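Shown below: entry.cif, with mmCIF, N, CA and C atoms.
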data_run
#
loop_
_atom_site.label_atom_id
_atom_site.label_comp_id
_atom_site.auth_asym_id
_atom_site.auth_seq_id
_atom_site.Cartn_x
_atom_site.Cartn_y
_atom_site.Cartn_z
N MET A 1 0.81 -1.19 0.00
CA MET A 1 0.00 0.00 0.00
C MET A 1 0.85 1.25 0.00
N VAL A 2 2.03 1.22 0.52
CA VAL A 2 2.84 2.44 0.64
C VAL A 2 3.89 2.55 -0.43
N ASN A 3 3.83 1.73 -1.47
CA ASN A 3 4.82 1.82 -2.54
C ASN A 3 4.85 3.23 -3.08
N GLY A 4 6.02 3.79 -3.17
CA GLY A 4 6.16 5.14 -3.71
C GLY A 4 5.92 6.25 -2.70
N SER A 5 5.50 5.91 -1.49
CA SER A 5 5.21 6.96 -0.51
C SER A 5 6.47 7.70 -0.07
N TRP A 6 7.63 7.06 -0.17
CA TRP A 6 8.87 7.75 0.20
C TRP A 6 9.14 8.88 -0.79
N ILE A 7 8.72 8.71 -2.04
CA ILE A 7 8.90 9.78 -3.02
C ILE A 7 8.05 10.99 -2.64
N VAL A 8 6.82 10.71 -2.19
CA VAL A 8 5.94 11.81 -1.77
C VAL A 8 6.54 12.52 -0.57
N ALA A 9 7.05 11.76 0.40
CA ALA A 9 7.64 12.38 1.60
C ALA A 9 8.81 13.28 1.22
N LEU A 10 9.66 12.82 0.31
CA LEU A 10 10.79 13.62 -0.13
C LEU A 10 10.33 14.87 -0.87
N THR A 11 9.37 14.71 -1.75
CA THR A 11 8.85 15.85 -2.51
C THR A 11 8.21 16.87 -1.59
N VAL A 12 7.42 16.39 -0.62
CA VAL A 12 6.78 17.29 0.34
C VAL A 12 7.83 18.05 1.13
N ALA A 13 8.85 17.35 1.56
CA ALA A 13 9.92 18.01 2.33
C ALA A 13 10.62 19.08 1.51
N LEU A 14 10.81 18.82 0.24
CA LEU A 14 11.46 19.81 -0.63
C LEU A 14 10.54 20.98 -0.95
N LEU A 15 9.26 20.72 -1.06
CA LEU A 15 8.30 21.77 -1.38
C LEU A 15 7.96 22.66 -0.18
N ALA A 16 7.87 22.07 0.99
CA ALA A 16 7.38 22.78 2.16
C ALA A 16 8.09 24.09 2.46
N PRO A 17 9.41 24.17 2.42
CA PRO A 17 10.06 25.44 2.76
C PRO A 17 9.70 26.58 1.81
N ARG A 18 9.30 26.25 0.59
CA ARG A 18 8.96 27.28 -0.38
C ARG A 18 7.48 27.63 -0.36
N SER A 19 6.68 26.86 0.37
CA SER A 19 5.25 27.08 0.36
C SER A 19 4.87 28.39 1.04
N ILE A 20 3.82 28.97 0.54
CA ILE A 20 3.27 30.18 1.13
C ILE A 20 2.33 29.74 2.24
N ALA A 21 2.47 30.35 3.41
CA ALA A 21 1.63 29.98 4.54
C ALA A 21 0.17 30.24 4.20
N HIS A 22 -0.70 29.38 4.67
CA HIS A 22 -2.13 29.56 4.44
C HIS A 22 -2.82 29.71 5.78
N PRO A 23 -3.95 30.43 5.80
CA PRO A 23 -4.60 30.76 7.08
C PRO A 23 -5.43 29.64 7.68
N THR A 24 -5.74 28.61 6.92
CA THR A 24 -6.56 27.52 7.44
C THR A 24 -5.88 26.19 7.22
N HIS A 25 -6.24 25.24 8.04
CA HIS A 25 -5.75 23.88 7.89
C HIS A 25 -6.92 23.04 7.40
N SER A 26 -6.83 22.57 6.15
CA SER A 26 -7.93 21.82 5.58
C SER A 26 -7.41 20.83 4.55
N SER A 27 -8.24 19.85 4.25
CA SER A 27 -7.98 18.92 3.17
C SER A 27 -9.31 18.61 2.52
N SER A 28 -9.23 18.07 1.31
CA SER A 28 -10.46 17.62 0.66
C SER A 28 -10.21 16.24 0.08
N ALA A 29 -11.25 15.43 0.09
CA ALA A 29 -11.17 14.10 -0.49
C ALA A 29 -12.40 13.89 -1.37
N GLU A 30 -12.18 13.24 -2.49
CA GLU A 30 -13.27 12.86 -3.38
C GLU A 30 -13.30 11.34 -3.45
N LEU A 31 -14.47 10.77 -3.24
CA LEU A 31 -14.69 9.34 -3.37
C LEU A 31 -15.62 9.15 -4.55
N VAL A 32 -15.22 8.32 -5.50
CA VAL A 32 -16.03 8.07 -6.68
C VAL A 32 -16.22 6.57 -6.85
N GLN A 33 -17.49 6.16 -6.89
CA GLN A 33 -17.80 4.76 -7.13
C GLN A 33 -17.60 4.44 -8.60
N GLU A 34 -16.85 3.39 -8.89
CA GLU A 34 -16.59 2.94 -10.27
C GLU A 34 -16.83 1.45 -10.32
N ALA A 35 -17.96 1.03 -10.86
CA ALA A 35 -18.32 -0.39 -10.96
C ALA A 35 -18.16 -1.05 -9.58
N ASP A 36 -17.19 -1.95 -9.41
CA ASP A 36 -17.03 -2.65 -8.13
C ASP A 36 -15.85 -2.12 -7.32
N SER A 37 -15.45 -0.87 -7.58
CA SER A 37 -14.33 -0.28 -6.84
C SER A 37 -14.64 1.17 -6.50
N VAL A 38 -13.78 1.74 -5.67
CA VAL A 38 -13.89 3.15 -5.29
C VAL A 38 -12.54 3.80 -5.54
N ARG A 39 -12.60 5.01 -6.08
CA ARG A 39 -11.40 5.80 -6.32
C ARG A 39 -11.42 6.95 -5.31
N VAL A 40 -10.28 7.16 -4.64
CA VAL A 40 -10.15 8.23 -3.65
C VAL A 40 -9.07 9.18 -4.13
N VAL A 41 -9.39 10.47 -4.13
CA VAL A 41 -8.41 11.51 -4.45
C VAL A 41 -8.39 12.46 -3.25
N LEU A 42 -7.26 12.51 -2.57
CA LEU A 42 -7.09 13.30 -1.36
C LEU A 42 -6.13 14.44 -1.65
N ARG A 43 -6.55 15.67 -1.34
CA ARG A 43 -5.70 16.84 -1.55
C ARG A 43 -5.39 17.49 -0.20
N VAL A 44 -4.07 17.69 0.03
CA VAL A 44 -3.59 18.21 1.31
C VAL A 44 -2.53 19.28 1.03
N PHE A 45 -2.52 20.34 1.83
CA PHE A 45 -1.48 21.35 1.69
C PHE A 45 -0.12 20.71 1.96
N ALA A 46 0.84 20.97 1.09
CA ALA A 46 2.16 20.35 1.18
C ALA A 46 2.87 20.69 2.49
N ASP A 47 2.80 21.94 2.93
CA ASP A 47 3.51 22.29 4.16
C ASP A 47 2.90 21.62 5.38
N ASP A 48 1.59 21.39 5.38
CA ASP A 48 0.96 20.66 6.48
C ASP A 48 1.37 19.19 6.46
N LEU A 49 1.38 18.60 5.28
CA LEU A 49 1.73 17.19 5.15
C LEU A 49 3.20 16.94 5.50
N ALA A 50 4.03 17.95 5.35
CA ALA A 50 5.45 17.82 5.67
C ALA A 50 5.68 17.52 7.15
N THR A 51 4.68 17.76 8.00
CA THR A 51 4.83 17.52 9.44
C THR A 51 4.66 16.05 9.82
N VAL A 52 4.30 15.17 8.87
CA VAL A 52 3.97 13.79 9.23
C VAL A 52 5.06 12.77 8.98
N GLY A 53 6.06 13.08 8.21
CA GLY A 53 7.10 12.09 7.90
C GLY A 53 6.70 11.20 6.76
N ALA A 54 6.60 9.89 6.98
CA ALA A 54 6.25 8.93 5.92
C ALA A 54 4.76 9.05 5.59
N VAL A 55 4.46 9.52 4.42
CA VAL A 55 3.09 9.86 4.03
C VAL A 55 2.19 8.64 3.90
N GLY A 56 2.65 7.58 3.21
CA GLY A 56 1.82 6.41 2.99
C GLY A 56 1.27 5.79 4.27
N PRO A 57 2.13 5.43 5.21
CA PRO A 57 1.63 4.84 6.46
C PRO A 57 0.74 5.81 7.24
N TYR A 58 1.07 7.09 7.20
CA TYR A 58 0.27 8.08 7.92
C TYR A 58 -1.15 8.13 7.35
N ILE A 59 -1.27 8.21 6.03
CA ILE A 59 -2.59 8.27 5.40
C ILE A 59 -3.37 6.99 5.69
N ALA A 60 -2.71 5.84 5.61
CA ALA A 60 -3.37 4.57 5.89
C ALA A 60 -3.92 4.52 7.31
N GLU A 61 -3.24 5.15 8.23
CA GLU A 61 -3.67 5.18 9.63
C GLU A 61 -4.81 6.18 9.87
N ARG A 62 -4.87 7.24 9.08
CA ARG A 62 -5.78 8.36 9.35
C ARG A 62 -6.99 8.46 8.42
N PHE A 63 -6.98 7.75 7.29
CA PHE A 63 -8.10 7.79 6.35
C PHE A 63 -8.58 6.36 6.14
N ALA A 64 -9.86 6.12 6.41
CA ALA A 64 -10.37 4.75 6.31
C ALA A 64 -11.78 4.74 5.72
N LEU A 65 -12.09 3.61 5.14
CA LEU A 65 -13.39 3.39 4.53
C LEU A 65 -13.86 1.99 4.91
N ALA A 66 -15.14 1.87 5.26
CA ALA A 66 -15.73 0.56 5.55
C ALA A 66 -17.03 0.44 4.77
N ASP A 67 -17.34 -0.77 4.33
CA ASP A 67 -18.59 -0.94 3.58
C ASP A 67 -19.78 -0.88 4.54
N ARG A 68 -20.99 -0.96 4.00
CA ARG A 68 -22.19 -0.78 4.84
C ARG A 68 -22.32 -1.82 5.94
N SER A 69 -21.65 -2.97 5.79
CA SER A 69 -21.70 -4.00 6.84
C SER A 69 -20.65 -3.74 7.92
N GLY A 70 -19.76 -2.75 7.68
CA GLY A 70 -18.71 -2.44 8.64
C GLY A 70 -17.37 -3.06 8.33
N ALA A 71 -17.31 -3.85 7.26
CA ALA A 71 -16.04 -4.49 6.87
C ALA A 71 -15.10 -3.44 6.28
N PRO A 72 -13.85 -3.40 6.75
CA PRO A 72 -12.90 -2.42 6.23
C PRO A 72 -12.61 -2.64 4.75
N VAL A 73 -12.47 -1.54 4.02
CA VAL A 73 -12.09 -1.58 2.62
C VAL A 73 -10.59 -1.34 2.55
N ARG A 74 -9.89 -2.26 1.92
CA ARG A 74 -8.43 -2.12 1.79
C ARG A 74 -8.14 -1.11 0.68
N LEU A 75 -7.56 0.01 1.06
CA LEU A 75 -7.23 1.06 0.10
C LEU A 75 -5.78 0.92 -0.32
N GLU A 76 -5.57 0.78 -1.61
CA GLU A 76 -4.24 0.62 -2.18
C GLU A 76 -3.70 1.96 -2.66
N TRP A 77 -2.43 2.19 -2.46
CA TRP A 77 -1.74 3.38 -2.95
C TRP A 77 -1.79 3.37 -4.48
N ALA A 78 -2.27 4.46 -5.11
CA ALA A 78 -2.36 4.53 -6.57
C ALA A 78 -1.59 5.73 -7.12
N GLY A 79 -0.72 6.30 -6.29
CA GLY A 79 0.14 7.38 -6.76
C GLY A 79 -0.12 8.70 -6.07
N ALA A 80 0.75 9.65 -6.36
CA ALA A 80 0.63 10.99 -5.78
C ALA A 80 1.32 11.98 -6.70
N ASP A 81 0.86 13.21 -6.64
CA ASP A 81 1.44 14.30 -7.43
C ASP A 81 1.58 15.51 -6.53
N THR A 82 2.55 16.33 -6.83
CA THR A 82 2.68 17.60 -6.14
C THR A 82 2.55 18.71 -7.18
N GLY A 83 1.88 19.76 -6.77
CA GLY A 83 1.72 20.90 -7.66
C GLY A 83 1.46 22.13 -6.81
N ALA A 84 2.18 23.19 -7.10
CA ALA A 84 2.07 24.42 -6.30
C ALA A 84 2.22 24.07 -4.83
N ASP A 85 1.20 24.30 -4.04
CA ASP A 85 1.27 24.06 -2.59
C ASP A 85 0.49 22.84 -2.14
N VAL A 86 0.01 22.02 -3.07
CA VAL A 86 -0.87 20.91 -2.73
C VAL A 86 -0.28 19.58 -3.17
N VAL A 87 -0.47 18.57 -2.32
CA VAL A 87 -0.13 17.19 -2.67
C VAL A 87 -1.44 16.47 -2.94
N THR A 88 -1.52 15.80 -4.07
CA THR A 88 -2.70 15.01 -4.42
C THR A 88 -2.33 13.53 -4.30
N ILE A 89 -3.06 12.83 -3.46
CA ILE A 89 -2.81 11.42 -3.18
C ILE A 89 -3.97 10.62 -3.74
N ARG A 90 -3.66 9.55 -4.47
CA ARG A 90 -4.69 8.71 -5.06
C ARG A 90 -4.65 7.32 -4.42
N LEU A 91 -5.85 6.83 -4.07
CA LEU A 91 -6.01 5.50 -3.49
C LEU A 91 -7.13 4.79 -4.25
N ARG A 92 -7.11 3.45 -4.24
CA ARG A 92 -8.17 2.66 -4.84
C ARG A 92 -8.50 1.49 -3.93
N GLY A 93 -9.77 1.09 -3.96
CA GLY A 93 -10.18 -0.05 -3.18
C GLY A 93 -11.32 -0.80 -3.84
N ARG A 94 -11.40 -2.07 -3.57
CA ARG A 94 -12.50 -2.89 -4.10
C ARG A 94 -13.70 -2.72 -3.19
N MET A 95 -14.85 -2.40 -3.80
CA MET A 95 -16.04 -2.14 -3.01
C MET A 95 -17.27 -2.51 -3.83
N ALA A 96 -17.54 -3.80 -3.91
CA ALA A 96 -18.61 -4.31 -4.77
C ALA A 96 -19.99 -3.80 -4.35
N ALA A 97 -20.22 -3.59 -3.06
CA ALA A 97 -21.54 -3.18 -2.58
C ALA A 97 -21.81 -1.69 -2.78
N GLY A 98 -20.82 -0.93 -3.18
CA GLY A 98 -21.02 0.50 -3.42
C GLY A 98 -20.87 1.36 -2.18
N LEU A 99 -20.97 2.65 -2.38
CA LEU A 99 -20.73 3.61 -1.30
C LEU A 99 -21.96 3.90 -0.43
N SER A 100 -23.14 3.57 -0.89
CA SER A 100 -24.34 3.83 -0.10
C SER A 100 -24.25 3.12 1.25
N GLY A 101 -24.35 3.87 2.33
CA GLY A 101 -24.25 3.31 3.68
C GLY A 101 -22.83 3.05 4.16
N ALA A 102 -21.85 3.31 3.32
CA ALA A 102 -20.45 3.11 3.73
C ALA A 102 -20.07 4.10 4.81
N LYS A 103 -19.08 3.74 5.60
CA LYS A 103 -18.60 4.61 6.67
C LYS A 103 -17.21 5.13 6.31
N VAL A 104 -17.04 6.44 6.48
CA VAL A 104 -15.79 7.11 6.14
C VAL A 104 -15.20 7.69 7.41
N SER A 105 -13.89 7.60 7.54
CA SER A 105 -13.18 8.26 8.64
C SER A 105 -12.04 9.06 8.02
N ASN A 106 -12.02 10.36 8.26
CA ASN A 106 -10.94 11.19 7.76
C ASN A 106 -10.37 12.00 8.92
N ARG A 107 -9.30 11.46 9.51
CA ARG A 107 -8.63 12.13 10.64
C ARG A 107 -7.29 12.72 10.21
N VAL A 108 -7.11 12.89 8.89
CA VAL A 108 -5.86 13.41 8.36
C VAL A 108 -5.56 14.78 8.97
N LEU A 109 -4.41 14.89 9.58
CA LEU A 109 -3.85 16.10 10.19
C LEU A 109 -4.63 16.64 11.39
N THR A 110 -5.70 15.96 11.84
CA THR A 110 -6.40 16.43 13.03
C THR A 110 -5.54 16.24 14.28
N ASP A 111 -4.55 15.37 14.20
CA ASP A 111 -3.62 15.18 15.31
C ASP A 111 -2.55 16.28 15.34
N ARG A 112 -2.40 17.01 14.26
CA ARG A 112 -1.38 18.06 14.15
C ARG A 112 -1.93 19.46 14.37
N PHE A 113 -3.17 19.69 13.90
CA PHE A 113 -3.73 21.05 13.93
C PHE A 113 -5.13 21.02 14.54
N ALA A 114 -5.34 21.80 15.59
CA ALA A 114 -6.63 21.82 16.28
C ALA A 114 -7.75 22.34 15.39
N ASP A 115 -7.41 23.19 14.42
CA ASP A 115 -8.45 23.77 13.55
C ASP A 115 -8.60 23.04 12.22
N GLN A 116 -8.02 21.85 12.09
CA GLN A 116 -8.08 21.09 10.84
C GLN A 116 -9.53 20.75 10.49
N VAL A 117 -9.90 20.99 9.24
CA VAL A 117 -11.22 20.63 8.71
C VAL A 117 -11.00 19.80 7.45
N ASN A 118 -11.61 18.62 7.42
CA ASN A 118 -11.47 17.71 6.29
C ASN A 118 -12.83 17.50 5.63
N LEU A 119 -12.91 17.83 4.35
CA LEU A 119 -14.14 17.62 3.59
C LEU A 119 -14.02 16.35 2.77
N VAL A 120 -15.09 15.58 2.73
CA VAL A 120 -15.14 14.37 1.90
C VAL A 120 -16.40 14.48 1.05
N ARG A 121 -16.20 14.43 -0.25
CA ARG A 121 -17.33 14.48 -1.20
C ARG A 121 -17.38 13.14 -1.91
N ALA A 122 -18.54 12.47 -1.80
CA ALA A 122 -18.71 11.16 -2.42
C ALA A 122 -19.70 11.24 -3.56
N SER A 123 -19.36 10.62 -4.68
CA SER A 123 -20.25 10.56 -5.85
C SER A 123 -20.57 9.10 -6.13
N TYR A 124 -21.87 8.77 -6.11
CA TYR A 124 -22.30 7.40 -6.33
C TYR A 124 -23.79 7.38 -6.64
N GLN A 125 -24.20 6.41 -7.41
CA GLN A 125 -25.61 6.20 -7.75
C GLN A 125 -26.31 7.51 -8.16
N ARG A 126 -25.68 8.27 -9.02
CA ARG A 126 -26.21 9.55 -9.53
C ARG A 126 -26.53 10.56 -8.44
N ARG A 127 -25.77 10.54 -7.36
CA ARG A 127 -25.93 11.53 -6.29
C ARG A 127 -24.58 11.86 -5.70
N THR A 128 -24.57 12.91 -4.91
CA THR A 128 -23.35 13.27 -4.19
C THR A 128 -23.73 13.52 -2.73
N ALA A 129 -22.76 13.32 -1.87
CA ALA A 129 -22.92 13.60 -0.45
C ALA A 129 -21.61 14.18 0.06
N THR A 130 -21.70 15.10 0.99
CA THR A 130 -20.50 15.71 1.57
C THR A 130 -20.50 15.51 3.08
N LEU A 131 -19.36 15.07 3.59
CA LEU A 131 -19.16 14.89 5.03
C LEU A 131 -18.05 15.85 5.46
N ILE A 132 -18.17 16.37 6.68
CA ILE A 132 -17.17 17.27 7.24
C ILE A 132 -16.62 16.64 8.51
N PHE A 133 -15.28 16.61 8.60
CA PHE A 133 -14.60 16.01 9.75
C PHE A 133 -13.71 17.06 10.43
N THR A 134 -13.75 17.08 11.75
CA THR A 134 -12.85 17.90 12.55
C THR A 134 -12.26 17.02 13.64
N ARG A 135 -11.36 17.58 14.42
CA ARG A 135 -10.68 16.83 15.47
C ARG A 135 -11.72 16.16 16.39
N GLY A 136 -11.50 14.89 16.68
CA GLY A 136 -12.37 14.14 17.58
C GLY A 136 -13.52 13.40 16.90
N ASP A 137 -13.76 13.67 15.63
CA ASP A 137 -14.84 13.00 14.92
C ASP A 137 -14.47 11.55 14.63
N GLY A 138 -15.44 10.69 14.77
CA GLY A 138 -15.28 9.29 14.39
C GLY A 138 -15.82 9.07 13.00
N PRO A 139 -15.99 7.81 12.62
CA PRO A 139 -16.51 7.49 11.29
C PRO A 139 -17.92 8.05 11.10
N LYS A 140 -18.21 8.42 9.85
CA LYS A 140 -19.54 8.93 9.49
C LYS A 140 -20.05 8.14 8.30
N ALA A 141 -21.37 7.88 8.31
CA ALA A 141 -21.99 7.09 7.25
C ALA A 141 -22.46 7.95 6.10
N LEU A 142 -22.27 7.46 4.90
CA LEU A 142 -22.84 8.10 3.72
C LEU A 142 -24.31 7.68 3.63
N PRO A 143 -25.17 8.57 3.16
CA PRO A 143 -26.58 8.22 3.05
C PRO A 143 -26.83 7.13 2.00
#

What would you get if you wrote out this structure as structure tokens?
Amino acid sequence: MVNGSWIVALTVALLAPRSIAHPTHSSSAELVQEADSVRVVLRVFADDLATVGAVGPYIAERFALADRSGAPVRLEWAGADTGADVVTIRLRGRMAAGLSGAKVSNRVLTDRFADQVNLVRASYQRRTATLIFTRGDGPKALP
């Protein structure tokens, strides 16, 4: 799952000193249902992500998805890109039952910043749903 995550950590470390400070701590994630799988695209400010060290294991520990029965969805590392001040992380997982009723947990950087706000937007079955996570929030179910 963490293949290539050392490249992201190195890139983030190199980018962070040049980043322009931002007034808020936030991230956004998009979940898209694709046939029997889910695609996750997570965007995080590079200078914030630089505080975590090894990115792959950190994301695996802080971002989770479970199907409607509560079974964890194994999210595989699918690459990452850096651009300007943002790191885009891509994950994929097998999810035959779809996102309806799935539980999402996004605790990314809530351990680092008290004001961290994480948005998750899910697209599935011709609808969208948005969840908001802050420090102390547990998993939340998609409608």

For Ser123 in chain A, the nearest of the candidates A:Asp81, A:Leu99, A:Leu109, A:Phe45, counting all atoms listed in the file: A:Leu99

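Going from CA of Ala102 in chain A to CA of Ala66 in chain A covers 5.7 Å.
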
Give me, as a tab-separated table, the closest atom pair and its distance (Å, one decimal) for every residue of range 81-120 of chain A within a cut-off of 5 Å of range 25-43 of chain A, counting only N, CA and C atoms, rows sorted by chain and rising number.
residue	atom	partner	partner_atom	distance
A:Val87	C	A:Arg43	CA	4.5
A:Thr88	CA	A:Leu42	C	4.4
A:Ile89	N	A:Leu42	C	3.9
A:Arg90	CA	A:Val40	C	4.5
A:Leu91	C	A:Val40	N	4.0
A:Arg92	CA	A:Val38	C	4.6
A:Gly93	C	A:Val38	N	4.0
A:Arg94	CA	A:Ser37	CA	4.2
A:Met95	N	A:Asp36	C	3.7
A:Ala96	CA	A:Asp36	CA	4.1
A:Gln116	CA	A:His25	C	4.1
A:Val117	N	A:His25	C	4.1
A:Asn118	CA	A:Ser27	N	4.4
A:Leu119	C	A:Ala29	N	4.0
A:Val120	CA	A:Ala29	C	4.3

Members of chain A assigned helix (DSSP H, G or I) by DSSP, as a list in words: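 Restricting chain A to helix (DSSP H, G or I) produces Ser5, Trp6, Ile7, Val8, Ala9, Leu10, Thr11, Val12, Ala13, Leu14, Leu15, Ala16, Pro17, Arg18, Ala46, Asp47, Asp48, Leu49, Val55, Gly56, Pro57, Tyr58, Ile59, Ala60, Glu61 and Arg62 of chain A.
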
Spatial neighbours of Asp111 in chain A, 8 Å, only N, CA and C atoms, chain gap at least 4 places, as a list in words: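 Final neighbour list, sorted by chain and number: Arg107, Gln116, Thr134, Arg135 and Gly136 of chain A.
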
Write a file of the just-selected residues containing N, CA and C atoms, as a PDB file, in the coordinates of the input.
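And here's part.pdb as it stands now:
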ATOM      1  N   ARG A 107      -9.300  11.460   9.510  1.00  0.00           N
ATOM      2  CA  ARG A 107      -8.630  12.130  10.640  1.00  0.00           C
ATOM      3  C   ARG A 107      -7.290  12.720  10.210  1.00  0.00           C
ATOM      4  N   GLN A 116      -8.020  21.850  12.090  1.00  0.00           N
ATOM      5  CA  GLN A 116      -8.080  21.090  10.840  1.00  0.00           C
ATOM      6  C   GLN A 116      -9.530  20.750  10.490  1.00  0.00           C
ATOM      7  N   THR A 134     -13.750  17.080  11.750  1.00  0.00           N
ATOM      8  CA  THR A 134     -12.850  17.900  12.550  1.00  0.00           C
ATOM      9  C   THR A 134     -12.260  17.020  13.640  1.00  0.00           C
ATOM     10  N   ARG A 135     -11.360  17.580  14.420  1.00  0.00           N
ATOM     11  CA  ARG A 135     -10.680  16.830  15.470  1.00  0.00           C
ATOM     12  C   ARG A 135     -11.720  16.160  16.390  1.00  0.00           C
ATOM     13  N   GLY A 136     -11.500  14.890  16.680  1.00  0.00           N
ATOM     14  CA  GLY A 136     -12.370  14.140  17.580  1.00  0.00           C
ATOM     15  C   GLY A 136     -13.520  13.400  16.900  1.00  0.00           C
TER      16      GLY A 136
END

Axis-aligned box for range 66-78 of chain A, 8 Å per side, centre and edges in Å as AutoDock Vina command-line options:
--center_x -12.0 --center_y 0.6 --center_z 0.8 --size_x 36.7 --size_y 26.2 --size_z 31.8

Distance in Å - CA of Tyr124 in chain A versus CA of Asp67 in chain A: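 Taking CA of Tyr124 in chain A and CA of Asp67 in chain A, their separation equals 13.5 Å.
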
Filtered DSSP result for range 31-143 of chain A, state strand (DSSP E or B), as a PyMOL selection string: chain A and resi 31-34+37-45+63-66+72+75-83+86-94+103-106+117-124+127-134+140-141

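Of the listed residues (A:Gly83, A:Pro72, A:Leu131, A:Ala122), A:Gly83 comes nearest to Val44 in chain A; the distances count only C-alpha atoms.
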
Coordinates-based distance that separates atom N of Gly101 in chain A from CA of Ala141 in chain A (Å, one decimal): 6.3 Å

Selection as a PyMOL selection string: residues within 5 Å of (-1.3, 12.3, 8.4), counting all atoms listed in the file: chain A and resi 58-59+108-109

Selection as a PDB file with N, CA and C atoms, in the coordinates of the input: residues within 7 Å of (-10.1, 6.8, 9.1), counting all atoms listed in the file:
ATOM      1  N   ALA A  60      -2.710   5.840   5.610  1.00  0.00           N
ATOM      2  CA  ALA A  60      -3.370   4.570   5.890  1.00  0.00           C
ATOM      3  C   ALA A  60      -3.920   4.520   7.310  1.00  0.00           C
ATOM      4  N   GLU A  61      -3.240   5.150   8.230  1.00  0.00           N
ATOM      5  CA  GLU A  61      -3.670   5.180   9.630  1.00  0.00           C
ATOM      6  C   GLU A  61      -4.810   6.180   9.870  1.00  0.00           C
ATOM      7  N   ARG A  62      -4.870   7.240   9.080  1.00  0.00           N
ATOM      8  CA  ARG A  62      -5.780   8.360   9.350  1.00  0.00           C
ATOM      9  C   ARG A  62      -6.990   8.460   8.420  1.00  0.00           C
ATOM     10  N   PHE A  63      -6.980   7.750   7.290  1.00  0.00           N
ATOM     11  CA  PHE A  63      -8.100   7.790   6.350  1.00  0.00           C
ATOM     12  C   PHE A  63      -8.580   6.360   6.140  1.00  0.00           C
ATOM     13  N   ALA A  64      -9.860   6.120   6.410  1.00  0.00           N
ATOM     14  CA  ALA A  64     -10.370   4.750   6.310  1.00  0.00           C
ATOM     15  C   ALA A  64     -11.780   4.740   5.720  1.00  0.00           C
ATOM     16  N   LEU A  65     -12.090   3.610   5.140  1.00  0.00           N
ATOM     17  CA  LEU A  65     -13.390   3.390   4.530  1.00  0.00           C
ATOM     18  C   LEU A  65     -13.860   1.990   4.910  1.00  0.00           C
ATOM     19  N   VAL A 104     -17.040   6.440   6.480  1.00  0.00           N
ATOM     20  CA  VAL A 104     -15.790   7.110   6.140  1.00  0.00           C
ATOM     21  C   VAL A 104     -15.200   7.690   7.410  1.00  0.00           C
ATOM     22  N   SER A 105     -13.890   7.600   7.540  1.00  0.00           N
ATOM     23  CA  SER A 105     -13.180   8.260   8.640  1.00  0.00           C
ATOM     24  C   SER A 105     -12.040   9.060   8.020  1.00  0.00           C
ATOM     25  N   ASN A 106     -12.020  10.360   8.260  1.00  0.00           N
ATOM     26  CA  ASN A 106     -10.940  11.190   7.760  1.00  0.00           C
ATOM     27  C   ASN A 106     -10.370  12.000   8.920  1.00  0.00           C
ATOM     28  N   ARG A 107      -9.300  11.460   9.510  1.00  0.00           N
ATOM     29  CA  ARG A 107      -8.630  12.130  10.640  1.00  0.00           C
ATOM     30  C   ARG A 107      -7.290  12.720  10.210  1.00  0.00           C
ATOM     31  N   VAL A 108      -7.110  12.890   8.890  1.00  0.00           N
ATOM     32  CA  VAL A 108      -5.860  13.410   8.360  1.00  0.00           C
ATOM     33  C   VAL A 108      -5.560  14.780   8.970  1.00  0.00           C
ATOM     34  N   PRO A 139     -15.990   7.810  12.620  1.00  0.00           N
ATOM     35  CA  PRO A 139     -16.510   7.490  11.290  1.00  0.00           C
ATOM     36  C   PRO A 139     -17.920   8.050  11.100  1.00  0.00           C
TER      37      PRO A 139
END
